[in-house]
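For reference, coords.pdb (PDB, C-alpha atoms and all ligand atoms):
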```pdb
ATOM      1  CA  MET A   1    -111.012 117.807  29.157
ATOM      2  CA  THR A   2    -108.675 115.236  27.594
ATOM      3  CA  LEU A   3    -105.102 115.172  28.908
ATOM      4  CA  ALA A   4    -102.347 113.344  27.038
ATOM      5  CA  VAL A   5     -98.799 112.273  27.859
ATOM      6  CA  THR A   6     -96.152 111.342  25.278
ATOM      7  CA  GLY A   7     -93.297 109.035  26.304
ATOM      8  CA  ALA A   8     -95.891 107.414  28.543
ATOM      9  CA  THR A   9     -94.078 104.068  28.342
ATOM     10  CA  GLY A  10     -90.925 105.525  29.912
ATOM     11  CA  HIS A  11     -89.958 105.823  33.577
ATOM     12  CA  LEU A  12     -91.177 109.421  33.931
ATOM     13  CA  GLY A  13     -94.298 108.891  31.818
ATOM     14  CA  ARG A  14     -95.550 106.016  33.969
ATOM     15  CA  LEU A  15     -95.104 108.086  37.127
ATOM     16  CA  VAL A  16     -97.032 110.975  35.543
ATOM     17  CA  LEU A  17     -99.926 108.666  34.622
ATOM     18  CA  GLU A  18    -100.012 107.402  38.200
ATOM     19  CA  SER A  19     -99.900 110.948  39.541
ATOM     20  CA  LEU A  20    -102.768 112.088  37.273
ATOM     21  CA  LEU A  21    -104.912 109.203  38.512
ATOM     22  CA  GLU A  22    -103.985 109.993  42.128
ATOM     23  CA  ARG A  23    -105.117 113.579  41.527
ATOM     24  CA  GLY A  24    -108.518 112.228  40.621
ATOM     25  CA  VAL A  25    -108.371 112.631  36.836
ATOM     26  CA  PHE A  26    -110.727 110.051  35.316
ATOM     27  CA  ALA A  27    -108.830 107.289  33.526
ATOM     28  CA  GLN A  28    -110.940 107.736  30.386
ATOM     29  CA  ASP A  29    -109.838 111.406  30.203
ATOM     30  CA  ILE A  30    -106.159 110.410  29.998
ATOM     31  CA  VAL A  31    -104.484 109.519  26.697
ATOM     32  CA  ALA A  32    -101.179 107.666  27.200
ATOM     33  CA  ILE A  33     -99.103 107.901  24.027
ATOM     34  CA  GLY A  34     -96.199 105.538  23.594
ATOM     35  CA  ARG A  35     -94.189 103.553  21.131
ATOM     36  CA  THR A  36     -94.113 100.177  22.874
ATOM     37  CA  THR A  37     -97.649 100.251  24.214
ATOM     38  CA  ASP A  38     -97.572  96.758  25.724
ATOM     39  CA  LYS A  39     -95.371  98.315  28.433
ATOM     40  CA  ILE A  40     -98.430 100.253  29.649
ATOM     41  CA  ALA A  41    -101.080  97.568  29.188
ATOM     42  CA  ASP A  42    -101.650  97.800  32.960
ATOM     43  CA  PHE A  43    -102.883 101.403  32.517
ATOM     44  CA  ALA A  44    -105.168 100.334  29.632
ATOM     45  CA  GLU A  45    -106.675  97.774  32.013
ATOM     46  CA  ARG A  46    -107.400 100.644  34.428
ATOM     47  CA  GLY A  47    -109.312 102.524  31.702
ATOM     48  CA  VAL A  48    -106.616 104.886  30.394
ATOM     49  CA  GLN A  49    -106.785 105.388  26.622
ATOM     50  CA  VAL A  50    -103.520 103.943  25.315
ATOM     51  CA  ARG A  51    -102.511 105.041  21.803
ATOM     52  CA  ALA A  52     -99.440 103.998  19.832
ATOM     53  CA  ALA A  53     -97.247 106.593  18.133
ATOM     54  CA  GLU A  54     -93.682 106.731  16.857
ATOM     55  CA  TYR A  55     -91.916 110.119  16.925
ATOM     56  CA  GLU A  56     -90.369 109.339  13.522
ATOM     57  CA  GLN A  57     -93.793 108.755  11.902
ATOM     58  CA  PRO A  58     -95.891 111.960  11.778
ATOM     59  CA  ASP A  59     -99.134 110.186  10.792
ATOM     60  CA  THR A  60     -99.103 108.073  13.941
ATOM     61  CA  LEU A  61     -98.682 111.215  16.056
ATOM     62  CA  THR A  62    -101.536 113.098  14.402
ATOM     63  CA  ALA A  63    -103.843 110.124  14.963
ATOM     64  CA  ALA A  64    -102.752 109.712  18.596
ATOM     65  CA  LEU A  65    -103.361 113.395  19.403
ATOM     66  CA  GLN A  66    -106.923 113.572  18.073
ATOM     67  CA  GLY A  67    -109.285 115.145  20.618
ATOM     68  CA  VAL A  68    -106.477 116.041  23.057
ATOM     69  CA  ASP A  69    -106.846 119.391  24.885
ATOM     70  CA  ARG A  70    -103.707 119.494  27.022
ATOM     71  CA  LEU A  71    -100.476 117.625  26.347
ATOM     72  CA  LEU A  72     -97.476 116.752  28.479
ATOM     73  CA  PHE A  73     -94.760 116.396  25.861
ATOM     74  CA  ILE A  74     -91.980 114.301  27.404
ATOM     75  CA  SER A  75     -88.788 114.785  25.424
ATOM     76  CA  SER A  76     -87.501 111.816  23.439
ATOM     77  CA  SER A  77     -84.564 109.763  24.674
ATOM     78  CA  ALA A  78     -83.044 109.561  21.165
ATOM     79  CA  VAL A  79     -80.285 112.141  21.716
ATOM     80  CA  GLY A  80     -79.148 113.482  18.330
ATOM     81  CA  ARG A  81     -82.505 112.721  16.648
ATOM     82  CA  ARG A  82     -84.622 114.859  18.907
ATOM     83  CA  ILE A  83     -85.063 118.080  16.935
ATOM     84  CA  ALA A  84     -86.658 116.265  13.976
ATOM     85  CA  GLN A  85     -88.709 114.002  16.261
ATOM     86  CA  HIS A  86     -89.905 116.901  18.391
ATOM     87  CA  ALA A  87     -90.832 118.922  15.293
ATOM     88  CA  ASN A  88     -93.038 115.999  14.260
ATOM     89  CA  VAL A  89     -94.795 116.037  17.636
ATOM     90  CA  LEU A  90     -95.385 119.800  17.518
ATOM     91  CA  ASN A  91     -96.665 119.736  13.924
ATOM     92  CA  ALA A  92     -99.056 116.932  14.840
ATOM     93  CA  ALA A  93    -100.215 118.841  17.942
ATOM     94  CA  THR A  94    -100.947 121.872  15.757
ATOM     95  CA  ASP A  95    -102.879 119.738  13.251
ATOM     96  CA  ALA A  96    -104.853 118.078  16.053
ATOM     97  CA  GLY A  97    -105.783 121.421  17.656
ATOM     98  CA  VAL A  98    -104.062 120.806  21.024
ATOM     99  CA  ASN A  99    -104.633 123.876  23.248
ATOM    100  CA  PHE A 100    -101.761 123.635  25.727
ATOM    101  CA  ILE A 101     -98.403 121.869  25.866
ATOM    102  CA  ALA A 102     -96.050 121.377  28.819
ATOM    103  CA  TYR A 103     -92.612 120.347  27.523
ATOM    104  CA  THR A 104     -89.902 118.639  29.626
ATOM    105  CA  SER A 105     -86.831 120.706  28.779
ATOM    106  CA  GLY A 106     -83.390 121.102  30.385
ATOM    107  CA  PRO A 107     -82.042 123.616  32.929
ATOM    108  CA  HIS A 108     -81.844 127.130  31.401
ATOM    109  CA  ALA A 109     -82.005 125.436  27.987
ATOM    110  CA  ASP A 110     -82.016 128.748  26.112
ATOM    111  CA  THR A 111     -78.679 129.973  27.528
ATOM    112  CA  SER A 112     -76.974 126.954  29.116
ATOM    113  CA  ALA A 113     -73.599 125.517  28.063
ATOM    114  CA  LEU A 114     -74.908 122.043  28.990
ATOM    115  CA  VAL A 115     -74.019 119.616  26.194
ATOM    116  CA  LEU A 116     -77.631 118.407  26.123
ATOM    117  CA  ALA A 117     -79.139 121.904  25.926
ATOM    118  CA  PRO A 118     -79.119 122.571  22.144
ATOM    119  CA  GLU A 119     -81.887 120.084  21.300
ATOM    120  CA  HIS A 120     -84.054 121.448  24.121
ATOM    121  CA  LYS A 121     -83.356 125.027  23.036
ATOM    122  CA  ALA A 122     -84.369 124.193  19.460
ATOM    123  CA  THR A 123     -87.554 122.503  20.695
ATOM    124  CA  GLU A 124     -88.448 125.492  22.870
ATOM    125  CA  LYS A 125     -88.082 127.711  19.773
ATOM    126  CA  LEU A 126     -90.319 125.406  17.721
ATOM    127  CA  LEU A 127     -92.850 125.452  20.517
ATOM    128  CA  ALA A 128     -92.848 129.268  20.604
ATOM    129  CA  ARG A 129     -93.242 129.343  16.822
ATOM    130  CA  SER A 130     -96.199 126.910  16.951
ATOM    131  CA  GLY A 131     -98.318 129.555  18.678
ATOM    132  CA  ILE A 132     -99.719 126.910  21.051
ATOM    133  CA  ALA A 133     -99.991 128.069  24.687
ATOM    134  CA  HIS A 134     -97.310 126.289  26.649
ATOM    135  CA  ALA A 135     -95.202 125.926  29.790
ATOM    136  CA  LEU A 136     -91.572 124.871  29.993
ATOM    137  CA  LEU A 137     -90.668 122.278  32.613
ATOM    138  CA  ARG A 138     -86.901 122.689  32.646
ATOM    139  CA  ASN A 139     -85.963 119.585  34.605
ATOM    140  CA  ASN A 140     -82.589 119.341  36.299
ATOM    141  CA  TRP A 141     -81.014 115.873  36.763
ATOM    142  CA  TYR A 142     -82.856 112.848  38.091
ATOM    143  CA  THR A 143     -81.239 111.424  41.240
ATOM    144  CA  GLU A 144     -81.860 108.028  39.613
ATOM    145  CA  ASN A 145     -79.059 108.909  37.160
ATOM    146  CA  TYR A 146     -76.683 108.062  40.042
ATOM    147  CA  PHE A 147     -77.882 104.482  40.592
ATOM    148  CA  GLN A 148     -75.066 103.377  38.313
ATOM    149  CA  VAL A 149     -72.495 105.286  40.377
ATOM    150  CA  LEU A 150     -73.837 103.518  43.460
ATOM    151  CA  GLU A 151     -73.540 100.119  41.758
ATOM    152  CA  GLN A 152     -69.926 100.813  40.776
ATOM    153  CA  ALA A 153     -69.070 102.094  44.244
ATOM    154  CA  LYS A 154     -70.498  98.880  45.709
ATOM    155  CA  HIS A 155     -68.069  96.824  43.648
ATOM    156  CA  THR A 156     -64.985  99.068  43.728
ATOM    157  CA  GLY A 157     -65.365 101.338  46.769
ATOM    158  CA  LEU A 158     -64.504 104.158  44.424
ATOM    159  CA  ILE A 159     -66.146 107.031  42.570
ATOM    160  CA  ILE A 160     -64.002 108.588  39.863
ATOM    161  CA  ALA A 161     -65.054 111.863  38.211
ATOM    162  CA  SER A 162     -63.654 115.050  36.723
ATOM    163  CA  LEU A 163     -66.328 117.387  38.049
ATOM    164  CA  GLY A 164     -64.288 118.561  41.030
ATOM    165  CA  ASP A 165     -66.528 120.105  43.680
ATOM    166  CA  GLY A 166     -69.377 120.790  41.230
ATOM    167  CA  ARG A 167     -72.845 120.511  42.716
ATOM    168  CA  VAL A 168     -75.986 118.817  41.416
ATOM    169  CA  ALA A 169     -79.465 119.908  42.498
ATOM    170  CA  SER A 170     -81.077 116.613  41.540
ATOM    171  CA  ALA A 171     -84.558 115.450  42.462
ATOM    172  CA  SER A 172     -86.358 112.143  42.061
ATOM    173  CA  ARG A 173     -88.352 111.267  38.951
ATOM    174  CA  GLN A 174     -91.376 111.070  41.235
ATOM    175  CA  ASP A 175     -90.862 114.752  42.156
ATOM    176  CA  TYR A 176     -90.672 115.840  38.498
ATOM    177  CA  ALA A 177     -93.643 113.620  37.594
ATOM    178  CA  GLU A 178     -95.835 115.185  40.278
ATOM    179  CA  ALA A 179     -94.869 118.667  39.056
ATOM    180  CA  ALA A 180     -95.710 117.729  35.460
ATOM    181  CA  ALA A 181     -99.100 116.358  36.528
ATOM    182  CA  ALA A 182     -99.782 119.533  38.550
ATOM    183  CA  VAL A 183     -99.074 121.720  35.518
ATOM    184  CA  LEU A 184    -101.110 119.537  33.158
ATOM    185  CA  VAL A 185    -104.137 119.582  35.446
ATOM    186  CA  GLY A 186    -103.790 123.086  36.893
ATOM    187  CA  GLU A 187    -104.601 126.556  35.648
ATOM    188  CA  GLY A 188    -102.459 129.636  34.977
ATOM    189  CA  HIS A 189     -99.348 127.828  33.731
ATOM    190  CA  GLU A 190     -99.500 129.269  30.200
ATOM    191  CA  GLY A 191     -96.283 131.171  29.385
ATOM    192  CA  GLN A 192     -94.508 129.961  32.545
ATOM    193  CA  VAL A 193     -90.883 128.792  32.552
ATOM    194  CA  TYR A 194     -90.182 126.503  35.505
ATOM    195  CA  GLU A 195     -86.557 125.816  36.462
ATOM    196  CA  LEU A 196     -87.204 122.579  38.324
ATOM    197  CA  SER A 197     -84.532 121.149  40.613
ATOM    198  CA  GLY A 198     -84.012 119.635  44.026
ATOM    199  CA  ASP A 199     -84.008 121.760  47.165
ATOM    200  CA  HIS A 200     -80.403 120.831  47.949
ATOM    201  CA  ALA A 201     -77.370 120.861  45.656
ATOM    202  CA  TRP A 202     -74.944 118.116  46.714
ATOM    203  CA  ASP A 203     -71.355 117.482  45.638
ATOM    204  CA  TYR A 204     -69.521 114.193  45.087
ATOM    205  CA  THR A 205     -67.959 114.242  48.562
ATOM    206  CA  GLU A 206     -71.523 114.141  49.899
ATOM    207  CA  LEU A 207     -72.514 111.540  47.287
ATOM    208  CA  ALA A 208     -69.623 109.266  48.358
ATOM    209  CA  ALA A 209     -70.459 109.728  52.050
ATOM    210  CA  THR A 210     -74.149 108.989  51.397
ATOM    211  CA  ILE A 211     -73.417 105.844  49.389
ATOM    212  CA  SER A 212     -70.885 104.730  52.001
ATOM    213  CA  GLU A 213     -73.498 105.072  54.745
ATOM    214  CA  LEU A 214     -76.088 103.186  52.672
ATOM    215  CA  ILE A 215     -73.849 100.240  51.747
ATOM    216  CA  GLY A 216     -71.987 100.162  55.053
ATOM    217  CA  ARG A 217     -68.531 100.320  53.485
ATOM    218  CA  PRO A 218     -66.011 103.128  52.830
ATOM    219  CA  VAL A 219     -66.354 104.879  49.457
ATOM    220  CA  GLU A 220     -63.588 107.149  48.174
ATOM    221  CA  TYR A 221     -64.300 110.028  45.787
ATOM    222  CA  ARG A 222     -61.234 110.378  43.548
ATOM    223  CA  LYS A 223     -61.042 113.683  41.648
ATOM    224  CA  VAL A 224     -59.233 113.373  38.316
ATOM    225  CA  SER A 225     -58.507 115.800  35.483
ATOM    226  CA  PRO A 226     -60.682 115.689  32.335
ATOM    227  CA  LYS A 227     -57.759 114.147  30.413
ATOM    228  CA  GLU A 228     -57.211 111.429  33.026
ATOM    229  CA  HIS A 229     -60.953 110.794  33.158
ATOM    230  CA  ARG A 230     -61.216 110.284  29.399
ATOM    231  CA  LYS A 231     -58.283 107.821  29.491
ATOM    232  CA  ILE A 232     -59.785 105.863  32.420
ATOM    233  CA  LEU A 233     -63.093 105.573  30.565
ATOM    234  CA  THR A 234     -61.600 104.543  27.206
ATOM    235  CA  ASP A 235     -59.213 102.080  28.925
ATOM    236  CA  ALA A 236     -62.340 100.547  30.506
ATOM    237  CA  GLY A 237     -63.752  99.996  27.004
ATOM    238  CA  LEU A 238     -66.027 103.001  26.531
ATOM    239  CA  PRO A 239     -66.020 104.296  22.925
ATOM    240  CA  LEU A 240     -64.163 107.620  22.605
ATOM    241  CA  ALA A 241     -67.295 109.626  21.709
ATOM    242  CA  GLN A 242     -69.134 108.370  24.799
ATOM    243  CA  ALA A 243     -66.124 109.025  27.021
ATOM    244  CA  ALA A 244     -65.874 112.566  25.637
ATOM    245  CA  PHE A 245     -69.594 113.059  26.351
ATOM    246  CA  VAL A 246     -69.244 111.932  29.978
ATOM    247  CA  VAL A 247     -66.217 114.196  30.464
ATOM    248  CA  ALA A 248     -68.076 117.138  28.895
ATOM    249  CA  LEU A 249     -71.020 116.584  31.262
ATOM    250  CA  ASP A 250     -68.599 116.522  34.184
ATOM    251  CA  GLY A 251     -67.167 119.820  32.897
ATOM    252  CA  ASN A 252     -70.671 121.312  32.855
ATOM    253  CA  THR A 253     -71.233 120.097  36.412
ATOM    254  CA  ARG A 254     -67.864 121.497  37.551
ATOM    255  CA  ASP A 255     -68.945 124.833  36.062
ATOM    256  CA  GLY A 256     -72.137 124.852  38.137
ATOM    257  CA  VAL A 257     -74.627 124.269  35.314
ATOM    258  CA  LEU A 258     -76.663 121.804  37.452
ATOM    259  CA  ALA A 259     -76.298 123.561  40.805
ATOM    260  CA  GLU A 260     -79.287 125.915  40.867
ATOM    261  CA  THR A 261     -81.805 125.401  43.671
ATOM    262  CA  SER A 262     -84.698 127.567  42.557
ATOM    263  CA  GLY A 263     -87.297 126.082  44.932
ATOM    264  CA  GLN A 264     -89.783 125.990  42.050
ATOM    265  CA  LEU A 265     -90.124 122.201  42.088
ATOM    266  CA  SER A 266     -91.009 121.965  45.782
ATOM    267  CA  ARG A 267     -93.452 124.859  45.350
ATOM    268  CA  LEU A 268     -95.226 123.093  42.463
ATOM    269  CA  ILE A 269     -95.517 119.791  44.320
ATOM    270  CA  GLY A 270     -96.334 121.350  47.685
ATOM    271  CA  ARG A 271     -93.658 119.460  49.643
ATOM    272  CA  PRO A 272     -89.842 119.314  49.858
ATOM    273  CA  THR A 273     -88.119 117.427  47.055
ATOM    274  CA  THR A 274     -86.898 113.904  47.812
ATOM    275  CA  ALA A 275     -83.473 113.843  49.455
ATOM    276  CA  LEU A 276     -80.509 112.249  47.675
ATOM    277  CA  ARG A 277     -80.232 109.616  50.406
ATOM    278  CA  ASP A 278     -83.889 108.596  50.191
ATOM    279  CA  THR A 279     -83.791 107.992  46.428
ATOM    280  CA  LEU A 280     -80.468 106.119  46.569
ATOM    281  CA  ALA A 281     -81.795 104.007  49.452
ATOM    282  CA  THR A 282     -84.420 102.505  47.106
ATOM    283  CA  VAL A 283     -81.663 100.552  45.333
ATOM    284  CA  ALA A 284     -78.893 100.380  47.926
TER     285      ALA A 284
HETATM  286  N1  LIG B   1     -83.322 115.091  33.629
HETATM  287  C1  LIG B   1     -82.649 113.957  33.539
HETATM  288  O1  LIG B   1     -81.808 113.615  34.395
HETATM  289  C2  LIG B   1     -82.911 113.041  32.392
HETATM  290  C3  LIG B   1     -82.246 111.813  32.324
HETATM  291  C4  LIG B   1     -82.555 110.974  31.265
HETATM  292  C5  LIG B   1     -83.471 111.363  30.300
HETATM  293  N2  LIG B   1     -84.079 112.572  30.399
HETATM  294  C6  LIG B   1     -85.082 113.042  29.401
HETATM  295  O2  LIG B   1     -86.368 112.871  29.988
HETATM  296  C7  LIG B   1     -87.158 111.971  29.189
HETATM  297  C8  LIG B   1     -87.993 111.093  30.098
HETATM  298  O3  LIG B   1     -87.129 110.396  30.995
HETATM  299  P1  LIG B   1     -87.360 108.852  31.308
HETATM  300  O4  LIG B   1     -86.525 108.539  32.464
HETATM  301  O5  LIG B   1     -88.800 108.547  31.326
HETATM  302  O6  LIG B   1     -86.719 108.196  30.002
HETATM  303  P2  LIG B   1     -87.026 106.744  29.414
HETATM  304  O7  LIG B   1     -87.507 105.822  30.485
HETATM  305  O8  LIG B   1     -85.838 106.356  28.617
HETATM  306  O9  LIG B   1     -88.261 107.011  28.423
HETATM  307  C9  LIG B   1     -88.089 107.589  27.175
HETATM  308  C10 LIG B   1     -89.428 107.601  26.478
HETATM  309  O10 LIG B   1     -89.252 108.116  25.153
HETATM  310  C11 LIG B   1     -89.890 107.203  24.262
HETATM  311  N3  LIG B   1     -89.301 107.234  22.931
HETATM  312  C12 LIG B   1     -87.993 107.180  22.606
HETATM  313  N4  LIG B   1     -87.854 107.206  21.266
HETATM  314  C13 LIG B   1     -89.122 107.249  20.749
HETATM  315  C14 LIG B   1     -89.636 107.269  19.440
HETATM  316  N5  LIG B   1     -88.830 107.241  18.370
HETATM  317  N6  LIG B   1     -90.965 107.328  19.287
HETATM  318  C15 LIG B   1     -91.807 107.346  20.354
HETATM  319  N7  LIG B   1     -91.371 107.326  21.635
HETATM  320  C16 LIG B   1     -90.041 107.258  21.815
HETATM  321  C17 LIG B   1     -89.673 105.859  24.907
HETATM  322  O11 LIG B   1     -90.491 104.901  24.313
HETATM  323  P3  LIG B   1     -90.195 103.317  24.504
HETATM  324  O12 LIG B   1     -90.663 102.975  25.886
HETATM  325  O13 LIG B   1     -90.989 102.671  23.465
HETATM  326  O14 LIG B   1     -88.721 103.123  24.336
HETATM  327  C18 LIG B   1     -90.039 106.211  26.336
HETATM  328  O15 LIG B   1     -91.417 106.312  26.500
HETATM  329  C19 LIG B   1     -86.141 111.207  28.342
HETATM  330  O16 LIG B   1     -86.728 110.760  27.163
HETATM  331  C20 LIG B   1     -85.077 112.265  28.113
HETATM  332  O17 LIG B   1     -85.449 113.164  27.083
HETATM  333  C21 LIG B   1     -83.836 113.411  31.426
END
```
Can the structure in the file be given as structure tokens, please?
Amino acid sequence: MTLAVTGATGHLGRLVLESLLERGVFAQDIVAIGRTTDKIADFAERGVQVRAAEYEQPDTLTAALQGVDRLLFISSSAVGRRIAQHANVLNAATDAGVNFIAYTSGPHADTSALVLAPEHKATEKLLARSGIAHALLRNNWYTENYFQVLEQAKHTGLIIASLGDGRVASASRQDYAEAAAAVLVGEGHEGQVYELSGDHAWDYTELAATISELIGRPVEYRKVSPKEHRKILTDAGLPLAQAAFVVALDGNTRDGVLAETSGQLSRLIGRPTTALRDTLATVA
């Protein structure tokens, strides 16, 4: 059985490769597909088959997927380009005769108002149309997304956001990676839709208190309106489109789009998800 991972050069991909090896999958049965393959030369040295592919170049994908039975398809990071790129991956998987695909999607991608949902929704539709057996790994936010907030709070003692008391059921990349490896290796996941999130949904008052405890200094969470938030961000030099994106994400969070604690992630990995504090402590 040959198992492959796309986006293997990224943060999540590396953790999945490690998790597959820890589960006892033979290195030679793993195909790590990436664009900048020198980033995963260490896995090649351990016997993993490393193959180069570029999502924009269909031929490279078809070649990289030859002989693959089961594929973890990690979504591309090129927001705005993803539907075309993902279509290339799915066409290549069809041509190569891949039997099963697990795709890293977004929370309730088919119905969510999340600004990042449309590309995931379109990919899920393409996946359904491909006829390939599949599972959806609808990942909520990574706690690592908040490392930047911690860095800013260290320098300013302040967290500014327009998400009010919105909650985020984040989990660590390690948690999501272990779940992805479990689905890739395991049986009975065909047709499953997993809403994967942390066991606890925290708000920014808790985030500020946690960061404050970790850095040993007071941290204030200042709630601002969306309009004020956009102005603060553009005054700080962020291009208008990016500021609007951040404010829209905060609006989604305020509306509870990231708050669901389904328990499905901890069930898949067989342990509680990593607490907010524990992930933040790795960089504090
Ligand atoms: N749930 C969340 O909170 C969250 C947050 C951020 C991202 N995401 C999504 O989850 C995915 C994995 O997260 P991550 O932390 O591992 O992201 P990451 O470290 O940025 O990795 C992204 C991966 O996509 C690859 N990639 C990008 N464009 C490509 C292209 N044109 N052709 C081939 N490969 C390409 C990158 O290759 P290179 O190494 O060569 O650049 C890398 O392997 C992201 O891509 C994104 O879709 C989720």
Dump the neighbourhood of ligand LIG 1 (chain B) as a ChimeraX atom specification: all residues within 6 Å, distances computed on all atoms listed in the file.
/A:7-13,34-36,53-56,74-78,139-142
Can you give me, as an mmCIF file with C-alpha atoms, in the frame of the given file, the residues this file yields under the PyMOL selection byres (((chain A and resi 17) around 10) and not hetatm)?
```
data_model
loop_
_atom_site.group_PDB
_atom_site.id
_atom_site.type_symbol
_atom_site.label_atom_id
_atom_site.label_comp_id
_atom_site.auth_asym_id
_atom_site.auth_seq_id
_atom_site.Cartn_x
_atom_site.Cartn_y
_atom_site.Cartn_z
ATOM 1 C CA ALA A 4 -102.347 113.344 27.038
ATOM 2 C CA VAL A 5 -98.799 112.273 27.859
ATOM 3 C CA ALA A 8 -95.891 107.414 28.543
ATOM 4 C CA THR A 9 -94.078 104.068 28.342
ATOM 5 C CA LEU A 12 -91.177 109.421 33.931
ATOM 6 C CA GLY A 13 -94.298 108.891 31.818
ATOM 7 C CA ARG A 14 -95.550 106.016 33.969
ATOM 8 C CA LEU A 15 -95.104 108.086 37.127
ATOM 9 C CA VAL A 16 -97.032 110.975 35.543
ATOM 10 C CA GLU A 18 -100.012 107.402 38.200
ATOM 11 C CA SER A 19 -99.900 110.948 39.541
ATOM 12 C CA LEU A 20 -102.768 112.088 37.273
ATOM 13 C CA LEU A 21 -104.912 109.203 38.512
ATOM 14 C CA GLU A 22 -103.985 109.993 42.128
ATOM 15 C CA ARG A 23 -105.117 113.579 41.527
ATOM 16 C CA VAL A 25 -108.371 112.631 36.836
ATOM 17 C CA ALA A 27 -108.830 107.289 33.526
ATOM 18 C CA ILE A 30 -106.159 110.410 29.998
ATOM 19 C CA VAL A 31 -104.484 109.519 26.697
ATOM 20 C CA ALA A 32 -101.179 107.666 27.200
ATOM 21 C CA ILE A 40 -98.430 100.253 29.649
ATOM 22 C CA PHE A 43 -102.883 101.403 32.517
ATOM 23 C CA VAL A 48 -106.616 104.886 30.394
ATOM 24 C CA ALA A 177 -93.643 113.620 37.594
ATOM 25 C CA GLU A 178 -95.835 115.185 40.278
ATOM 26 C CA ALA A 181 -99.100 116.358 36.528
#
```
Run through the PyMOL selection byres (((chain A and resi 219-232) around 9) and not hetatm) on the given coordinates and return the selected residues as a ChimeraX atom specification.
/A:153-154,156-165,204-205,207-209,211-213,217-218,233-237,240,243-244,246-248,250-251
To test your reading of the syntax: which residues would the PyMOL selection byres (((chain A and resi 123-129) around 12) and not hetatm) return for the file shown? Reply as number ranges by chain.
A: 73-76, 81-94, 100-106, 108-111, 117-122, 130-138, 190-191, 193
Rank nothing, just name the residue among A:Leu258, A:Leu265, A:Ala171, A:Ile33 nearest to A:Leu280, using all atoms listed in the file.
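Nearest to A:Leu280: A:Ala171.
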Separation of atom CA of A:Gln49 from atom CA of A:Glu144 in Å:
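One can read the atom CA of A:Glu144 to atom CA of A:Gln49 distance as 28.2 Å.
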Mind giving me the straight-line distance from atom CA of A:Asp199 to atom CA of A:Arg70 in Å, one decimal?
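A separation of 28.3 Å between them.
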What is the atom CA of A:Gly80 to atom CA of A:Leu114 distance in Å?
14.3 Å
Using all atoms listed in the file, can you list as a list in words the residues within 9 Å of (-83.3, 122.7, 42.1)?
Asn139, Asn140, Trp141, Val168, Ala169, Ser170, Ala171, Glu195, Leu196, Ser197, Gly198, Asp199, His200, Ala201, Leu258, Ala259, Glu260, Thr261, Ser262, Gly263, Gln264, Leu265, Ser266 and Thr273 of chain A
Ranking A:Asp29, A:Thr60, A:Gly256, A:Val283 by minimum distance to A:Arg46 and counting only C-alpha atoms, which one comes first?
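Going through A:Asp29, A:Thr60, A:Gly256, A:Val283 one by one, the smallest distance to A:Arg46 is for A:Asp29.
Among the candidate residues A:Ala241, A:Val98, A:Leu150, A:Met1, the one lying nearest to A:Gln66 is A:Val98, with distances computed using all atoms listed in the file.
For the set A:Leu65, A:Leu3, A:Leu268, A:Ile215, the residue with the smallest atom-to-atom gap to A:Thr282 is A:Ile215, counting all atoms listed in the file.
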Top pick for closest residue to A:Pro58, considering A:Gln174, A:Phe147, A:Asp95, A:Trp202 and counting all atoms listed in the file
A:Asp95
